[in-house]
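Asker: Before I ask anything, here is the structure I am working with.
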Amino acid sequence: MAALREAQHELETQANHLSKLQKDIAKNHQVRKQYTIQLGENELVLKELDLLDEHANVYKLIGPVLVKQDLAEANANVRKRIEYISAELKRLDGTLQDLEEKQNSKKDMILKLQQKIQALQAGKSKA
């Protein structure tokens, strides 16, 4: 009887851990989605900047004010942003893979606990 209660408590604990992992995975997907959108926007800006001739006026929005910016500087800033976002996406992918491996491990552990509880209950009903 005590073993059954202990197994049920362990199952509940593992289920809570699994739930937290699933929330972390969902949060990771959301952040990754935002970075992917930003990456696409920045790549589009870079393409637009590449179309300009070197004497074109480029403006950067800072708060409510448009400030004139050098084309080369704007180009460099956008490239740095793309580099940063790409690195963040790579980092997020690594984190996501780790979280998914942990999730699969928890699911296996929960399945084994459920089987153990069923075996204990079957043994209890026979007694």
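Order determines the names: the first chain of the structure tokens is A, the second B, and so forth; residues in each chain are numbered 1 upward, and ligands are numbered 1 upward as they are shown.
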Tell me, as a PDB file with C-alpha atoms, in the first residue's frame, which residues lie within 12 Å of region 43-47 of chain A, counting only C-alpha atoms; anything in the same chain fewer than 2 positions away does not count.

Answerer:
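The result, written out as around.pdb:
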```
ATOM      1  CA  THR A  36      12.653  34.264 -37.318  1.00  0.00           C
ATOM      2  CA  ILE A  37      10.320  37.145 -38.193  1.00  0.00           C
ATOM      3  CA  GLN A  38      12.999  39.682 -37.238  1.00  0.00           C
ATOM      4  CA  LEU A  39      15.564  37.835 -39.324  1.00  0.00           C
ATOM      5  CA  GLY A  40      13.273  37.951 -42.354  1.00  0.00           C
ATOM      6  CA  GLU A  41      12.633  41.664 -41.865  1.00  0.00           C
ATOM      7  CA  LEU A  49      19.913  48.773 -48.871  1.00  0.00           C
ATOM      8  CA  ASP A  50      21.863  46.828 -51.507  1.00  0.00           C
ATOM      9  CA  LEU A  51      19.610  48.289 -54.207  1.00  0.00           C
ATOM     10  CA  LEU A  52      20.529  51.860 -53.262  1.00  0.00           C
ATOM     11  CA  VAL A  58      19.265  56.702 -45.568  1.00  0.00           C
ATOM     12  CA  LYS A  60      17.027  55.744 -39.158  1.00  0.00           C
ATOM     13  CA  LEU A  71      24.628  54.010 -46.070  1.00  0.00           C
ATOM     14  CA  ALA A  72      27.728  51.991 -45.122  1.00  0.00           C
ATOM     15  CA  GLU A  73      26.906  52.395 -41.418  1.00  0.00           C
ATOM     16  CA  ALA A  74      23.295  51.346 -41.980  1.00  0.00           C
ATOM     17  CA  ASN A  75      24.479  48.344 -43.980  1.00  0.00           C
ATOM     18  CA  ALA A  76      26.930  47.344 -41.230  1.00  0.00           C
ATOM     19  CA  ASN A  77      24.259  47.727 -38.529  1.00  0.00           C
ATOM     20  CA  VAL A  78      21.796  45.533 -40.393  1.00  0.00           C
ATOM     21  CA  ARG A  79      24.465  42.883 -41.029  1.00  0.00           C
ATOM     22  CA  LYS A  80      25.393  42.872 -37.324  1.00  0.00           C
ATOM     23  CA  ARG A  81      21.726  42.505 -36.407  1.00  0.00           C
ATOM     24  CA  ILE A  82      21.337  39.585 -38.824  1.00  0.00           C
ATOM     25  CA  GLU A  83      24.469  37.976 -37.363  1.00  0.00           C
ATOM     26  CA  ILE A  85      19.683  37.063 -34.644  1.00  0.00           C
ATOM     27  CA  SER A  86      21.181  34.064 -36.471  1.00  0.00           C
TER      28      SER A  86
END
```

Asker: So which residues touch Ala2 (chain A) within 12 Å, counting only C-alpha atoms, skipping near sequence neighbours fewer than 2 positions away, as a list in words?

Answerer: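 Answer for this query is Leu4, Arg5, Glu6, Ala7, Gln8, His9, Ile117, Leu120, Gln121 and Lys124 of chain A.
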
Asker: Would you output that residue set with all heavy atoms, as a CSV table (one decimal), in the first residue's frame?

Answerer:
```csv
chain,number,residue,atom,x,y,z
A,4,LEU,N,2.5,1.8,-3.3
A,4,LEU,CA,1.6,2.3,-4.3
A,4,LEU,C,1.4,3.8,-4.2
A,4,LEU,O,1.5,4.6,-5.1
A,4,LEU,CB,0.2,1.7,-4.2
A,4,LEU,CG,-0.9,2.2,-5.1
A,4,LEU,CD1,-0.5,1.9,-6.6
A,4,LEU,CD2,-2.2,1.5,-4.8
A,5,ARG,N,1.3,4.3,-2.9
A,5,ARG,CA,1.2,5.7,-2.7
A,5,ARG,C,2.5,6.5,-3.1
A,5,ARG,O,2.4,7.5,-3.7
A,5,ARG,CB,0.9,6.0,-1.2
A,5,ARG,CG,-0.4,6.6,-0.9
A,5,ARG,CD,-0.6,6.9,0.5
A,5,ARG,NE,-0.4,5.6,1.2
A,5,ARG,CZ,-0.7,5.3,2.4
A,5,ARG,NH1,-1.4,6.1,3.1
A,5,ARG,NH2,-0.5,4.1,2.9
A,6,GLU,N,3.6,5.9,-2.8
A,6,GLU,CA,4.9,6.5,-3.2
A,6,GLU,C,5.0,6.6,-4.7
A,6,GLU,O,5.5,7.6,-5.2
A,6,GLU,CB,6.0,5.6,-2.6
A,6,GLU,CG,7.4,6.2,-2.7
A,6,GLU,CD,8.5,5.4,-2.1
A,6,GLU,OE1,8.3,5.0,-0.9
A,6,GLU,OE2,9.4,5.1,-2.8
A,7,ALA,N,4.6,5.5,-5.4
A,7,ALA,CA,4.7,5.5,-6.9
A,7,ALA,C,3.7,6.6,-7.4
A,7,ALA,O,4.1,7.3,-8.4
A,7,ALA,CB,4.3,4.1,-7.4
A,8,GLN,N,2.5,6.7,-6.8
A,8,GLN,CA,1.6,7.7,-7.3
A,8,GLN,C,2.1,9.1,-7.1
A,8,GLN,O,2.0,10.0,-7.9
A,8,GLN,CB,0.2,7.5,-6.6
A,8,GLN,CG,-0.5,6.3,-7.1
A,8,GLN,CD,-1.8,6.0,-6.3
A,8,GLN,OE1,-1.9,6.4,-5.1
A,8,GLN,NE2,-2.8,5.4,-7.0
A,9,HIS,N,2.8,9.3,-5.9
A,9,HIS,CA,3.4,10.6,-5.6
A,9,HIS,C,4.5,11.0,-6.6
A,9,HIS,O,4.6,12.1,-7.1
A,9,HIS,CB,3.9,10.7,-4.2
A,9,HIS,CG,4.6,12.0,-3.8
A,9,HIS,ND1,3.9,13.1,-3.6
A,9,HIS,CD2,5.9,12.3,-3.6
A,9,HIS,CE1,4.7,14.1,-3.3
A,9,HIS,NE2,5.9,13.6,-3.3
A,117,ILE,N,2.5,1.3,-11.3
A,117,ILE,CA,1.3,1.5,-10.5
A,117,ILE,C,0.2,0.5,-10.8
A,117,ILE,O,-0.4,-0.1,-10.0
A,117,ILE,CB,0.8,3.0,-10.6
A,117,ILE,CG1,1.7,3.9,-9.9
A,117,ILE,CG2,-0.6,3.1,-10.1
A,117,ILE,CD1,1.4,5.4,-10.2
A,120,LEU,N,1.2,-2.7,-9.3
A,120,LEU,CA,0.9,-2.7,-7.8
A,120,LEU,C,-0.6,-2.8,-7.6
A,120,LEU,O,-1.0,-3.5,-6.6
A,120,LEU,CB,1.5,-1.4,-7.2
A,120,LEU,CG,3.0,-1.4,-7.1
A,120,LEU,CD1,3.4,0.0,-6.7
A,120,LEU,CD2,3.5,-2.4,-6.1
A,121,GLN,N,-1.4,-2.2,-8.4
A,121,GLN,CA,-2.8,-2.2,-8.2
A,121,GLN,C,-3.4,-3.6,-8.5
A,121,GLN,O,-4.2,-4.2,-7.8
A,121,GLN,CB,-3.5,-1.2,-9.0
A,121,GLN,CG,-3.4,0.2,-8.5
A,121,GLN,CD,-4.0,1.3,-9.4
A,121,GLN,OE1,-4.1,1.0,-10.6
A,121,GLN,NE2,-4.3,2.4,-8.9
A,124,LYS,N,-2.5,-5.8,-5.6
A,124,LYS,CA,-3.3,-5.4,-4.5
A,124,LYS,C,-4.7,-6.0,-4.6
A,124,LYS,O,-5.3,-6.5,-3.6
A,124,LYS,CB,-3.4,-3.9,-4.4
A,124,LYS,CG,-4.1,-3.4,-3.1
A,124,LYS,CD,-4.1,-1.9,-3.1
A,124,LYS,CE,-5.5,-1.4,-3.1
A,124,LYS,NZ,-5.7,0.0,-3.1
```

Asker: Quick one: pull the distance between CA of Gln114 (chain A) and CA of Met1 (chain A), Å, one decimal.

Answerer: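 Interatomic distance here is 15.5 Å.
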
Asker: Just checking: using only C-alpha atoms, which residue out of A:Leu18, A:Val31, A:Ala3, A:Ile62 ends up closest to Met109 (chain A)?

Answerer: A:Leu18

Asker: Write out as a ChimeraX atom specification all residues of chain A that DSSP puts in strand (DSSP E or B) for this structure's backbone.

Answerer: /A:58-62,65-69

Asker: Using all heavy atoms, can you export the residues from the last selection as a PDB file, in the first residue's frame?

Answerer:
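File written: part.pdb
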```
ATOM      1  N   VAL A  58      19.841  57.755 -46.402  1.00  0.00           N
ATOM      2  CA  VAL A  58      19.265  56.702 -45.568  1.00  0.00           C
ATOM      3  C   VAL A  58      18.938  57.321 -44.223  1.00  0.00           C
ATOM      4  O   VAL A  58      19.750  58.062 -43.652  1.00  0.00           O
ATOM      5  CB  VAL A  58      20.261  55.525 -45.373  1.00  0.00           C
ATOM      6  CG1 VAL A  58      19.681  54.472 -44.466  1.00  0.00           C
ATOM      7  CG2 VAL A  58      20.638  54.934 -46.713  1.00  0.00           C
ATOM      8  N   TYR A  59      17.758  57.030 -43.717  1.00  0.00           N
ATOM      9  CA  TYR A  59      17.330  57.588 -42.434  1.00  0.00           C
ATOM     10  C   TYR A  59      17.003  56.458 -41.481  1.00  0.00           C
ATOM     11  O   TYR A  59      16.512  55.402 -41.878  1.00  0.00           O
ATOM     12  CB  TYR A  59      16.103  58.484 -42.626  1.00  0.00           C
ATOM     13  CG  TYR A  59      16.394  59.708 -43.463  1.00  0.00           C
ATOM     14  CD1 TYR A  59      16.227  59.680 -44.837  1.00  0.00           C
ATOM     15  CD2 TYR A  59      16.850  60.874 -42.870  1.00  0.00           C
ATOM     16  CE1 TYR A  59      16.508  60.792 -45.613  1.00  0.00           C
ATOM     17  CE2 TYR A  59      17.137  61.993 -43.629  1.00  0.00           C
ATOM     18  CZ  TYR A  59      16.958  61.948 -45.003  1.00  0.00           C
ATOM     19  OH  TYR A  59      17.243  63.045 -45.758  1.00  0.00           O
ATOM     20  N   LYS A  60      17.307  56.721 -40.208  1.00  0.00           N
ATOM     21  CA  LYS A  60      17.027  55.744 -39.158  1.00  0.00           C
ATOM     22  C   LYS A  60      16.034  56.380 -38.197  1.00  0.00           C
ATOM     23  O   LYS A  60      16.201  57.536 -37.794  1.00  0.00           O
ATOM     24  CB  LYS A  60      18.325  55.389 -38.431  1.00  0.00           C
ATOM     25  CG  LYS A  60      18.148  54.367 -37.328  1.00  0.00           C
ATOM     26  CD  LYS A  60      19.498  54.026 -36.715  1.00  0.00           C
ATOM     27  CE  LYS A  60      19.332  52.964 -35.653  1.00  0.00           C
ATOM     28  NZ  LYS A  60      20.638  52.581 -35.083  1.00  0.00           N
ATOM     29  N   LEU A  61      15.012  55.628 -37.839  1.00  0.00           N
ATOM     30  CA  LEU A  61      14.005  56.125 -36.913  1.00  0.00           C
ATOM     31  C   LEU A  61      14.504  55.925 -35.490  1.00  0.00           C
ATOM     32  O   LEU A  61      14.728  54.798 -35.045  1.00  0.00           O
ATOM     33  CB  LEU A  61      12.679  55.372 -37.133  1.00  0.00           C
ATOM     34  CG  LEU A  61      11.486  55.855 -36.312  1.00  0.00           C
ATOM     35  CD1 LEU A  61      11.109  57.274 -36.714  1.00  0.00           C
ATOM     36  CD2 LEU A  61      10.299  54.933 -36.536  1.00  0.00           C
ATOM     37  N   ILE A  62      14.713  57.025 -34.791  1.00  0.00           N
ATOM     38  CA  ILE A  62      15.125  56.976 -33.389  1.00  0.00           C
ATOM     39  C   ILE A  62      14.053  57.721 -32.603  1.00  0.00           C
ATOM     40  O   ILE A  62      13.980  58.952 -32.646  1.00  0.00           O
ATOM     41  CB  ILE A  62      16.512  57.622 -33.174  1.00  0.00           C
ATOM     42  CG1 ILE A  62      17.562  56.883 -34.006  1.00  0.00           C
ATOM     43  CG2 ILE A  62      16.885  57.602 -31.703  1.00  0.00           C
ATOM     44  CD1 ILE A  62      18.944  57.468 -33.931  1.00  0.00           C
ATOM     45  N   VAL A  65      11.916  60.649 -34.206  1.00  0.00           N
ATOM     46  CA  VAL A  65      12.721  61.455 -35.128  1.00  0.00           C
ATOM     47  C   VAL A  65      13.441  60.569 -36.146  1.00  0.00           C
ATOM     48  O   VAL A  65      13.989  59.524 -35.807  1.00  0.00           O
ATOM     49  CB  VAL A  65      13.779  62.260 -34.327  1.00  0.00           C
ATOM     50  CG1 VAL A  65      14.635  63.112 -35.252  1.00  0.00           C
ATOM     51  CG2 VAL A  65      13.112  63.132 -33.280  1.00  0.00           C
ATOM     52  N   LEU A  66      13.443  61.022 -37.414  1.00  0.00           N
ATOM     53  CA  LEU A  66      14.248  60.365 -38.443  1.00  0.00           C
ATOM     54  C   LEU A  66      15.613  61.038 -38.475  1.00  0.00           C
ATOM     55  O   LEU A  66      15.716  62.244 -38.653  1.00  0.00           O
ATOM     56  CB  LEU A  66      13.582  60.501 -39.817  1.00  0.00           C
ATOM     57  CG  LEU A  66      12.413  59.576 -40.096  1.00  0.00           C
ATOM     58  CD1 LEU A  66      11.776  59.929 -41.439  1.00  0.00           C
ATOM     59  CD2 LEU A  66      12.845  58.132 -40.087  1.00  0.00           C
ATOM     60  N   VAL A  67      16.670  60.250 -38.307  1.00  0.00           N
ATOM     61  CA  VAL A  67      18.031  60.773 -38.287  1.00  0.00           C
ATOM     62  C   VAL A  67      18.761  60.231 -39.508  1.00  0.00           C
ATOM     63  O   VAL A  67      18.712  59.035 -39.787  1.00  0.00           O
ATOM     64  CB  VAL A  67      18.754  60.327 -36.992  1.00  0.00           C
ATOM     65  CG1 VAL A  67      20.189  60.828 -36.974  1.00  0.00           C
ATOM     66  CG2 VAL A  67      18.000  60.824 -35.768  1.00  0.00           C
ATOM     67  N   LYS A  68      19.449  61.142 -40.215  1.00  0.00           N
ATOM     68  CA  LYS A  68      20.189  60.736 -41.404  1.00  0.00           C
ATOM     69  C   LYS A  68      21.352  59.827 -40.984  1.00  0.00           C
ATOM     70  O   LYS A  68      22.011  60.063 -39.988  1.00  0.00           O
ATOM     71  CB  LYS A  68      20.719  61.963 -42.137  1.00  0.00           C
ATOM     72  CG  LYS A  68      21.206  61.669 -43.535  1.00  0.00           C
ATOM     73  CD  LYS A  68      21.481  62.951 -44.293  1.00  0.00           C
ATOM     74  CE  LYS A  68      21.820  62.618 -45.726  1.00  0.00           C
ATOM     75  NZ  LYS A  68      22.009  63.822 -46.526  1.00  0.00           N
ATOM     76  N   GLN A  69      21.549  58.769 -41.778  1.00  0.00           N
ATOM     77  CA  GLN A  69      22.590  57.798 -41.457  1.00  0.00           C
ATOM     78  C   GLN A  69      23.370  57.474 -42.719  1.00  0.00           C
ATOM     79  O   GLN A  69      22.809  57.438 -43.817  1.00  0.00           O
ATOM     80  CB  GLN A  69      21.936  56.533 -40.881  1.00  0.00           C
ATOM     81  CG  GLN A  69      22.906  55.562 -40.271  1.00  0.00           C
ATOM     82  CD  GLN A  69      22.197  54.369 -39.634  1.00  0.00           C
ATOM     83  OE1 GLN A  69      21.137  53.953 -40.107  1.00  0.00           O
ATOM     84  NE2 GLN A  69      22.780  53.825 -38.582  1.00  0.00           N
TER      85      GLN A  69
END
```

Asker: Which one is closest to Leu96 (chain A): A:Ala56, A:Leu111, A:Ala119, A:Ile25? Count only C-alpha atoms.

Answerer: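 Going through A:Ala56, A:Leu111, A:Ala119, A:Ile25 one by one, the smallest distance to Leu96 (chain A) is for A:Ile25.
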
Asker: Please report, as a PyMOL selection string, each residue of chain A to which DSSP assigns helix (DSSP H, G or I) when run on this structure's backbone.

Answerer: chain A and resi 2-51+71-126

Asker: With C-alpha atoms retained, could you export that selection as an mmCIF file, in the first residue's frame?

Answerer:
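That gives us selection_12.cif:
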```cif
data_model
loop_
_atom_site.group_PDB
_atom_site.id
_atom_site.type_symbol
_atom_site.label_atom_id
_atom_site.label_comp_id
_atom_site.auth_asym_id
_atom_site.auth_seq_id
_atom_site.Cartn_x
_atom_site.Cartn_y
_atom_site.Cartn_z
ATOM 1 C CA ALA A 2 2.833 2.409 0.893
ATOM 2 C CA ALA A 3 4.685 1.493 -2.304
ATOM 3 C CA LEU A 4 1.571 2.334 -4.331
ATOM 4 C CA ARG A 5 1.194 5.717 -2.652
ATOM 5 C CA GLU A 6 4.884 6.458 -3.160
ATOM 6 C CA ALA A 7 4.655 5.529 -6.853
ATOM 7 C CA GLN A 8 1.575 7.732 -7.302
ATOM 8 C CA HIS A 9 3.355 10.646 -5.610
ATOM 9 C CA GLU A 10 6.389 10.128 -7.869
ATOM 10 C CA LEU A 11 4.091 10.006 -10.904
ATOM 11 C CA GLU A 12 2.502 13.300 -9.893
ATOM 12 C CA THR A 13 5.928 14.915 -9.411
ATOM 13 C CA GLN A 14 7.152 13.700 -12.806
ATOM 14 C CA ALA A 15 3.928 14.869 -14.471
ATOM 15 C CA ASN A 16 4.492 18.361 -13.006
ATOM 16 C CA HIS A 17 8.070 18.355 -14.314
ATOM 17 C CA LEU A 18 6.809 17.283 -17.752
ATOM 18 C CA SER A 19 4.240 20.079 -17.724
ATOM 19 C CA LYS A 20 6.962 22.627 -16.913
ATOM 20 C CA LEU A 21 9.150 21.274 -19.731
ATOM 21 C CA GLN A 22 6.253 21.557 -22.176
ATOM 22 C CA LYS A 23 5.690 25.189 -21.128
ATOM 23 C CA ASP A 24 9.408 25.905 -21.621
ATOM 24 C CA ILE A 25 9.270 24.313 -25.077
ATOM 25 C CA ALA A 26 6.231 26.410 -26.024
ATOM 26 C CA LYS A 27 7.975 29.567 -24.778
ATOM 27 C CA ASN A 28 11.094 28.638 -26.750
ATOM 28 C CA HIS A 29 9.006 28.152 -29.906
ATOM 29 C CA GLN A 30 7.385 31.571 -29.383
ATOM 30 C CA VAL A 31 10.727 33.343 -28.953
ATOM 31 C CA ARG A 32 12.150 31.461 -31.947
ATOM 32 C CA LYS A 33 9.179 32.558 -34.045
ATOM 33 C CA GLN A 34 9.813 36.214 -33.128
ATOM 34 C CA TYR A 35 13.509 35.934 -34.017
ATOM 35 C CA THR A 36 12.653 34.264 -37.318
ATOM 36 C CA ILE A 37 10.320 37.145 -38.193
ATOM 37 C CA GLN A 38 12.999 39.682 -37.238
ATOM 38 C CA LEU A 39 15.564 37.835 -39.324
ATOM 39 C CA GLY A 40 13.273 37.951 -42.354
ATOM 40 C CA GLU A 41 12.633 41.664 -41.865
ATOM 41 C CA ASN A 42 16.329 42.433 -41.527
ATOM 42 C CA GLU A 43 17.217 40.387 -44.600
ATOM 43 C CA LEU A 44 14.594 42.344 -46.515
ATOM 44 C CA VAL A 45 16.077 45.637 -45.271
ATOM 45 C CA LEU A 46 19.542 44.459 -46.333
ATOM 46 C CA LYS A 47 18.259 43.665 -49.841
ATOM 47 C CA GLU A 48 16.680 47.123 -50.039
ATOM 48 C CA LEU A 49 19.913 48.773 -48.871
ATOM 49 C CA ASP A 50 21.863 46.828 -51.507
ATOM 50 C CA LEU A 51 19.610 48.289 -54.207
ATOM 51 C CA LEU A 71 24.628 54.010 -46.070
ATOM 52 C CA ALA A 72 27.728 51.991 -45.122
ATOM 53 C CA GLU A 73 26.906 52.395 -41.418
ATOM 54 C CA ALA A 74 23.295 51.346 -41.980
ATOM 55 C CA ASN A 75 24.479 48.344 -43.980
ATOM 56 C CA ALA A 76 26.930 47.344 -41.230
ATOM 57 C CA ASN A 77 24.259 47.727 -38.529
ATOM 58 C CA VAL A 78 21.796 45.533 -40.393
ATOM 59 C CA ARG A 79 24.465 42.883 -41.029
ATOM 60 C CA LYS A 80 25.393 42.872 -37.324
ATOM 61 C CA ARG A 81 21.726 42.505 -36.407
ATOM 62 C CA ILE A 82 21.337 39.585 -38.824
ATOM 63 C CA GLU A 83 24.469 37.976 -37.363
ATOM 64 C CA TYR A 84 23.150 38.408 -33.805
ATOM 65 C CA ILE A 85 19.683 37.063 -34.644
ATOM 66 C CA SER A 86 21.181 34.064 -36.471
ATOM 67 C CA ALA A 87 23.358 33.269 -33.444
ATOM 68 C CA GLU A 88 20.327 33.531 -31.147
ATOM 69 C CA LEU A 89 18.337 31.206 -33.412
ATOM 70 C CA LYS A 90 21.165 28.676 -33.313
ATOM 71 C CA ARG A 91 21.297 28.927 -29.512
ATOM 72 C CA LEU A 92 17.525 28.535 -29.258
ATOM 73 C CA ASP A 93 17.647 25.455 -31.506
ATOM 74 C CA GLY A 94 20.202 23.870 -29.182
ATOM 75 C CA THR A 95 18.091 24.683 -26.138
ATOM 76 C CA LEU A 96 14.985 23.351 -27.849
ATOM 77 C CA GLN A 97 16.689 20.085 -28.746
ATOM 78 C CA ASP A 98 17.846 19.679 -25.137
ATOM 79 C CA LEU A 99 14.343 20.407 -23.805
ATOM 80 C CA GLU A 100 12.763 17.928 -26.223
ATOM 81 C CA GLU A 101 15.224 15.223 -25.160
ATOM 82 C CA LYS A 102 14.359 15.905 -21.507
ATOM 83 C CA GLN A 103 10.653 15.795 -22.396
ATOM 84 C CA ASN A 104 11.015 12.404 -24.078
ATOM 85 C CA SER A 105 12.955 11.110 -21.086
ATOM 86 C CA LYS A 106 10.209 12.316 -18.705
ATOM 87 C CA LYS A 107 7.517 10.714 -20.869
ATOM 88 C CA ASP A 108 9.364 7.385 -20.721
ATOM 89 C CA MET A 109 9.756 7.700 -16.957
ATOM 90 C CA ILE A 110 6.053 8.492 -16.538
ATOM 91 C CA LEU A 111 5.085 5.504 -18.694
ATOM 92 C CA LYS A 112 7.227 3.200 -16.544
ATOM 93 C CA LEU A 113 5.697 4.656 -13.376
ATOM 94 C CA GLN A 114 2.189 4.129 -14.748
ATOM 95 C CA GLN A 115 3.037 0.516 -15.530
ATOM 96 C CA LYS A 116 4.472 0.075 -12.033
ATOM 97 C CA ILE A 117 1.308 1.516 -10.467
ATOM 98 C CA GLN A 118 -0.883 -0.762 -12.585
ATOM 99 C CA ALA A 119 1.194 -3.762 -11.507
ATOM 100 C CA LEU A 120 0.912 -2.736 -7.848
ATOM 101 C CA GLN A 121 -2.829 -2.229 -8.181
ATOM 102 C CA ALA A 122 -3.211 -5.603 -9.898
ATOM 103 C CA GLY A 123 -1.214 -7.228 -7.084
ATOM 104 C CA LYS A 124 -3.331 -5.423 -4.476
ATOM 105 C CA SER A 125 -6.622 -6.544 -6.031
ATOM 106 C CA LYS A 126 -5.460 -10.164 -6.018
#
```
